[in-house]
Amino acid sequence: MSIRFTRRNVLQFISVGAMSMALPKRLPGQEKEGKDKQPEEKPLTFFGWSDTHIPVHGDGSKLWPAVDAMNLLPGKVFPKNIGGVVETPSFVFNCGDITHWPTHQAKKAYEDLLTKRLKYPSYEILGNHDDAGADGVKDAPPIMKEWFKRRYGDLCYTFDQGGIHFVCPFSAYDESLGSPAQDITAEALDFIRKNLYRHYSPDLVPEKLIPVPKGTPVVVATHLCFDAMTNRDAFVDALKDANVIMVLGGHYHKAQVKSYRGINFVQLPSVNSAWSEITVIRITSDRLVAIPYDYSKNQWTDNPGKILDVKISRPDKTI
Ligand SMILES: [Zn+2]
């Protein structure tokens, strides 16, 4: 099964998605050929994890088994009802609470993990522990926020991979509420509304590439998972009529899948839990699969509450 792209999709993917890749020059005649044929692309595969909670002293060793498992997963056969094998992922997505408390040592441990151990590119969002502190202690140092801004240009950003538009808002957390369940902030909802059809990566994407065609499949990622969102209806309302195929979340330290008002909510697993799982996500032209792999037991989960396997709509013409 493969994803069909319009020429414009492909150009957009090449131009926008590959922010840090060297790009080949287009050859003469390539444009004409592109008009006649619908270029084919591989399905998009990426891995998801969350709540890595690197301790203050910067010992990231608890994350190593998960990272090593991710490095070894390509080639693994999926369960029969899913079919095929795991392709090399385009990237890994961390849904926040990268650190337990934002220290320089914890930040360095994560950076080292990304640059020296993990074989794939990484995208991430910040969680409440990276932002607002923890356990009733307020005013965490802005170490992770500053690191994040250097990496993405802002606390919110978007990116494109494999013809999918990823929208990554920052939702500030209010530690003083004393509750892990909170609203997605009005600012974050506003960012989502504004960027379902355009890019926002201030330091990385040229102005001319900002529009995203209507109908483009969209993934939205927030640290707060579905169960932790106290304003779910406002959140779903903010997605409007965009082709949102999935919402990624973390925060509650376990893999879980929920559907609400037609939106698929996929909660990513944490190394800081009783489950040694990472989630493999595969998006083809008409199907979206998200399934956790248990790297201690070396097997796929068979828990239906953790698996998403749905048809999706990927219009051929997204212009
Ligand atoms: Zn959290």
# chains A, B, ... in the order shown; residues from 1 in each chain; ligands from 1
>>> select_by_dssp(residues="segment 46-229 of chain A", states="helix (DSSP H, G or I)", output="JSON, numbers by chain")
{"A": [61, 62, 63, 64, 65, 66, 67, 68, 69, 70, 71, 72, 104, 105, 106, 107, 108, 109, 110, 111, 112, 113, 114, 115, 116, 117, 128, 129, 130, 131, 143, 144, 145, 146, 147, 148, 149, 150, 151, 152, 175, 176, 177, 186, 187, 188, 189, 190, 191, 192, 193, 194, 195, 207, 208, 209, 226, 227, 228]}
>>> residues_near_ligand(ligand="ligand 1", cutoff="8 Å", atoms="only C-alpha atoms and all ligand atoms", output="PyMOL selection string")
chain A and resi 51+96-97+127-129+180+223-224+250-252
>>> closest_atom_pairs(of="segment 157-207 of chain A", to="segment 298-316 of chain A", cutoff="12 Å", atoms="only C-alpha atoms", output="tab-separated table")
residue	atom	partner	partner_atom	distance
A:Gly162	CA	A:Arg314	CA	11.9
A:Gly163	CA	A:Arg314	CA	9.5
A:Ile164	CA	A:Arg314	CA	9.6
>>> atom_distance(atom1="atom CA of Glu277 of chain A", atom2="atom CA of Tyr293 of chain A")
5.3 Å
>>> atom_distance(atom1="atom CA of Glu87 of chain A", atom2="atom CA of Pro292 of chain A")
14.9 Å
>>> atom_distance(atom1="atom CA of Tyr152 of chain A", atom2="atom CA of Ala172 of chain A")
16.9 Å
>>> residues_around(residues="segment 113-123 of chain A", least_positions_apart="4", cutoff="12 Å", atoms="only C-alpha atoms", output="ChimeraX atom specification")
/A:17-21,45-50,52,54,58-74,88-96,98,106-109,148,151-152,156-161,166-168,221
>>> closest_residue(among="A:Leu177, A:Ala186, A:Ile210, A:Ile283", to="Arg198 of chain A", atoms="only C-alpha atoms")
A:Ile210
>>> select_by_dssp(residues="segment 32-197 of chain A", states="strand (DSSP E or B)", output="ChimeraX atom specification")
/A:40-41,44-50,54,77,85,91-94,99,122-124,134,137,157-161,164-168,182
>>> residues_around(residues="Tyr197 of chain A", least_positions_apart="4", cutoff="8 Å", atoms="only C-alpha atoms", output="count of residues only")
4
>>> residues_around(residues="Arg261 of chain A", least_positions_apart="4", cutoff="12 Å", atoms="only C-alpha atoms", output="ChimeraX atom specification")
/A:226,232-237,239-240,244,265
>>> closest_residue(among="A:Met229, A:Leu126, A:Ile263, A:Val77", to="Asp183 of chain A", atoms="only C-alpha atoms")
A:Met229
>>> residues_around(residues="Asp174 of chain A", least_positions_apart="5", cutoff="9 Å", atoms="only C-alpha atoms", output="PyMOL selection string")
chain A and resi 128+132+179+182
>>> decode(residues="segment 185-226 of chain A", atoms="N, CA and C atoms", output="PDB file, in the first residue's frame")
ATOM      1  N   THR A 185      -4.985  25.565  26.951  1.00  0.00           N
ATOM      2  CA  THR A 185      -5.170  27.014  27.115  1.00  0.00           C
ATOM      3  C   THR A 185      -5.784  27.665  25.866  1.00  0.00           C
ATOM      4  N   ALA A 186      -6.390  28.817  26.088  1.00  0.00           N
ATOM      5  CA  ALA A 186      -6.990  29.571  24.975  1.00  0.00           C
ATOM      6  C   ALA A 186      -5.926  29.907  23.938  1.00  0.00           C
ATOM      7  N   GLU A 187      -4.705  30.196  24.402  1.00  0.00           N
ATOM      8  CA  GLU A 187      -3.612  30.533  23.469  1.00  0.00           C
ATOM      9  C   GLU A 187      -3.276  29.330  22.585  1.00  0.00           C
ATOM     10  N   ALA A 188      -3.250  28.144  23.217  1.00  0.00           N
ATOM     11  CA  ALA A 188      -2.934  26.932  22.443  1.00  0.00           C
ATOM     12  C   ALA A 188      -4.041  26.639  21.431  1.00  0.00           C
ATOM     13  N   LEU A 189      -5.292  26.793  21.847  1.00  0.00           N
ATOM     14  CA  LEU A 189      -6.413  26.570  20.920  1.00  0.00           C
ATOM     15  C   LEU A 189      -6.339  27.552  19.760  1.00  0.00           C
ATOM     16  N   ASP A 190      -5.953  28.768  20.070  1.00  0.00           N
ATOM     17  CA  ASP A 190      -5.824  29.788  19.039  1.00  0.00           C
ATOM     18  C   ASP A 190      -4.728  29.406  18.042  1.00  0.00           C
ATOM     19  N   PHE A 191      -3.623  28.907  18.568  1.00  0.00           N
ATOM     20  CA  PHE A 191      -2.518  28.477  17.696  1.00  0.00           C
ATOM     21  C   PHE A 191      -2.984  27.352  16.761  1.00  0.00           C
ATOM     22  N   ILE A 192      -3.740  26.398  17.338  1.00  0.00           N
ATOM     23  CA  ILE A 192      -4.243  25.284  16.522  1.00  0.00           C
ATOM     24  C   ILE A 192      -5.132  25.816  15.400  1.00  0.00           C
ATOM     25  N   ARG A 193      -6.111  26.661  15.797  1.00  0.00           N
ATOM     26  CA  ARG A 193      -7.043  27.209  14.797  1.00  0.00           C
ATOM     27  C   ARG A 193      -6.302  27.900  13.655  1.00  0.00           C
ATOM     28  N   LYS A 194      -5.276  28.662  14.032  1.00  0.00           N
ATOM     29  CA  LYS A 194      -4.568  29.463  13.031  1.00  0.00           C
ATOM     30  C   LYS A 194      -3.658  28.633  12.143  1.00  0.00           C
ATOM     31  N   ASN A 195      -3.217  27.473  12.629  1.00  0.00           N
ATOM     32  CA  ASN A 195      -2.158  26.755  11.908  1.00  0.00           C
ATOM     33  C   ASN A 195      -2.572  25.408  11.341  1.00  0.00           C
ATOM     34  N   LEU A 196      -3.877  25.161  11.286  1.00  0.00           N
ATOM     35  CA  LEU A 196      -4.338  23.932  10.640  1.00  0.00           C
ATOM     36  C   LEU A 196      -4.030  23.978   9.141  1.00  0.00           C
ATOM     37  N   TYR A 197      -3.999  25.189   8.594  1.00  0.00           N
ATOM     38  CA  TYR A 197      -3.779  25.331   7.147  1.00  0.00           C
ATOM     39  C   TYR A 197      -2.557  26.176   6.819  1.00  0.00           C
ATOM     40  N   ARG A 198      -1.650  26.293   7.756  1.00  0.00           N
ATOM     41  CA  ARG A 198      -0.430  27.041   7.432  1.00  0.00           C
ATOM     42  C   ARG A 198       0.697  26.604   8.354  1.00  0.00           C
ATOM     43  N   HIS A 199       1.875  27.022   8.004  1.00  0.00           N
ATOM     44  CA  HIS A 199       3.049  26.666   8.801  1.00  0.00           C
ATOM     45  C   HIS A 199       3.385  27.755   9.791  1.00  0.00           C
ATOM     46  N   TYR A 200       3.950  27.315  10.887  1.00  0.00           N
ATOM     47  CA  TYR A 200       4.484  28.270  11.847  1.00  0.00           C
ATOM     48  C   TYR A 200       5.768  27.686  12.407  1.00  0.00           C
ATOM     49  N   SER A 201       6.834  27.971  11.755  1.00  0.00           N
ATOM     50  CA  SER A 201       8.151  27.552  12.222  1.00  0.00           C
ATOM     51  C   SER A 201       9.071  28.723  11.932  1.00  0.00           C
ATOM     52  N   PRO A 202       8.996  29.733  12.767  1.00  0.00           N
ATOM     53  CA  PRO A 202       9.528  31.047  12.417  1.00  0.00           C
ATOM     54  C   PRO A 202      10.968  31.065  11.921  1.00  0.00           C
ATOM     55  N   ASP A 203      11.820  30.266  12.508  1.00  0.00           N
ATOM     56  CA  ASP A 203      13.216  30.335  12.097  1.00  0.00           C
ATOM     57  C   ASP A 203      13.550  29.347  10.993  1.00  0.00           C
ATOM     58  N   LEU A 204      12.592  28.462  10.683  1.00  0.00           N
ATOM     59  CA  LEU A 204      12.936  27.345   9.826  1.00  0.00           C
ATOM     60  C   LEU A 204      12.255  27.352   8.473  1.00  0.00           C
ATOM     61  N   VAL A 205      11.089  27.942   8.387  1.00  0.00           N
ATOM     62  CA  VAL A 205      10.314  27.853   7.148  1.00  0.00           C
ATOM     63  C   VAL A 205      10.193  29.234   6.518  1.00  0.00           C
ATOM     64  N   PRO A 206      10.601  29.343   5.264  1.00  0.00           N
ATOM     65  CA  PRO A 206      10.469  30.642   4.593  1.00  0.00           C
ATOM     66  C   PRO A 206       9.011  31.061   4.479  1.00  0.00           C
ATOM     67  N   GLU A 207       8.801  32.334   4.501  1.00  0.00           N
ATOM     68  CA  GLU A 207       7.455  32.910   4.470  1.00  0.00           C
ATOM     69  C   GLU A 207       6.602  32.356   3.326  1.00  0.00           C
ATOM     70  N   LYS A 208       7.205  32.181   2.144  1.00  0.00           N
ATOM     71  CA  LYS A 208       6.437  31.788   0.962  1.00  0.00           C
ATOM     72  C   LYS A 208       5.855  30.373   1.079  1.00  0.00           C
ATOM     73  N   LEU A 209       6.341  29.594   2.001  1.00  0.00           N
ATOM     74  CA  LEU A 209       5.857  28.219   2.115  1.00  0.00           C
ATOM     75  C   LEU A 209       4.767  28.066   3.172  1.00  0.00           C
ATOM     76  N   ILE A 210       4.265  29.170   3.650  1.00  0.00           N
ATOM     77  CA  ILE A 210       3.348  29.100   4.781  1.00  0.00           C
ATOM     78  C   ILE A 210       2.015  28.392   4.498  1.00  0.00           C
ATOM     79  N   PRO A 211       1.329  28.606   3.377  1.00  0.00           N
ATOM     80  CA  PRO A 211       0.006  27.969   3.231  1.00  0.00           C
ATOM     81  C   PRO A 211       0.073  26.446   3.139  1.00  0.00           C
ATOM     82  N   VAL A 212      -0.890  25.793   3.758  1.00  0.00           N
ATOM     83  CA  VAL A 212      -1.027  24.336   3.687  1.00  0.00           C
ATOM     84  C   VAL A 212      -2.377  24.061   3.024  1.00  0.00           C
ATOM     85  N   PRO A 213      -2.411  23.252   1.974  1.00  0.00           N
ATOM     86  CA  PRO A 213      -3.674  23.041   1.260  1.00  0.00           C
ATOM     87  C   PRO A 213      -4.761  22.458   2.151  1.00  0.00           C
ATOM     88  N   LYS A 214      -5.980  22.897   1.917  1.00  0.00           N
ATOM     89  CA  LYS A 214      -7.129  22.340   2.635  1.00  0.00           C
ATOM     90  C   LYS A 214      -7.243  20.855   2.349  1.00  0.00           C
ATOM     91  N   GLY A 215      -7.615  20.073   3.328  1.00  0.00           N
ATOM     92  CA  GLY A 215      -7.749  18.637   3.122  1.00  0.00           C
ATOM     93  C   GLY A 215      -6.492  17.868   3.468  1.00  0.00           C
ATOM     94  N   THR A 216      -5.364  18.584   3.631  1.00  0.00           N
ATOM     95  CA  THR A 216      -4.125  17.910   4.029  1.00  0.00           C
ATOM     96  C   THR A 216      -4.361  17.181   5.353  1.00  0.00           C
ATOM     97  N   PRO A 217      -3.930  15.921   5.459  1.00  0.00           N
ATOM     98  CA  PRO A 217      -4.065  15.232   6.748  1.00  0.00           C
ATOM     99  C   PRO A 217      -3.250  15.948   7.825  1.00  0.00           C
ATOM    100  N   VAL A 218      -3.859  16.093   8.999  1.00  0.00           N
ATOM    101  CA  VAL A 218      -3.231  16.854  10.080  1.00  0.00           C
ATOM    102  C   VAL A 218      -3.131  15.987  11.335  1.00  0.00           C
ATOM    103  N   VAL A 219      -2.005  16.095  12.025  1.00  0.00           N
ATOM    104  CA  VAL A 219      -1.849  15.502  13.355  1.00  0.00           C
ATOM    105  C   VAL A 219      -1.599  16.650  14.323  1.00  0.00           C
ATOM    106  N   VAL A 220      -2.350  16.692  15.410  1.00  0.00           N
ATOM    107  CA  VAL A 220      -2.147  17.709  16.447  1.00  0.00           C
ATOM    108  C   VAL A 220      -1.569  17.008  17.669  1.00  0.00           C
ATOM    109  N   ALA A 221      -0.573  17.617  18.311  1.00  0.00           N
ATOM    110  CA  ALA A 221       0.046  17.003  19.492  1.00  0.00           C
ATOM    111  C   ALA A 221      -0.033  17.947  20.684  1.00  0.00           C
ATOM    112  N   THR A 222      -0.557  17.431  21.790  1.00  0.00           N
ATOM    113  CA  THR A 222      -0.577  18.198  23.038  1.00  0.00           C
ATOM    114  C   THR A 222      -0.051  17.287  24.148  1.00  0.00           C
ATOM    115  N   HIS A 223       0.590  17.872  25.146  1.00  0.00           N
ATOM    116  CA  HIS A 223       1.063  17.021  26.249  1.00  0.00           C
ATOM    117  C   HIS A 223      -0.116  16.427  27.022  1.00  0.00           C
ATOM    118  N   LEU A 224      -1.108  17.237  27.306  1.00  0.00           N
ATOM    119  CA  LEU A 224      -2.288  16.724  28.023  1.00  0.00           C
ATOM    120  C   LEU A 224      -3.033  15.731  27.125  1.00  0.00           C
ATOM    121  N   CYS A 225      -3.293  14.557  27.673  1.00  0.00           N
ATOM    122  CA  CYS A 225      -4.005  13.538  26.906  1.00  0.00           C
ATOM    123  C   CYS A 225      -5.516  13.789  26.978  1.00  0.00           C
ATOM    124  N   PHE A 226      -6.265  12.973  26.276  1.00  0.00           N
ATOM    125  CA  PHE A 226      -7.723  13.140  26.234  1.00  0.00           C
ATOM    126  C   PHE A 226      -8.330  13.144  27.639  1.00  0.00           C
TER     127      PHE A 226
END
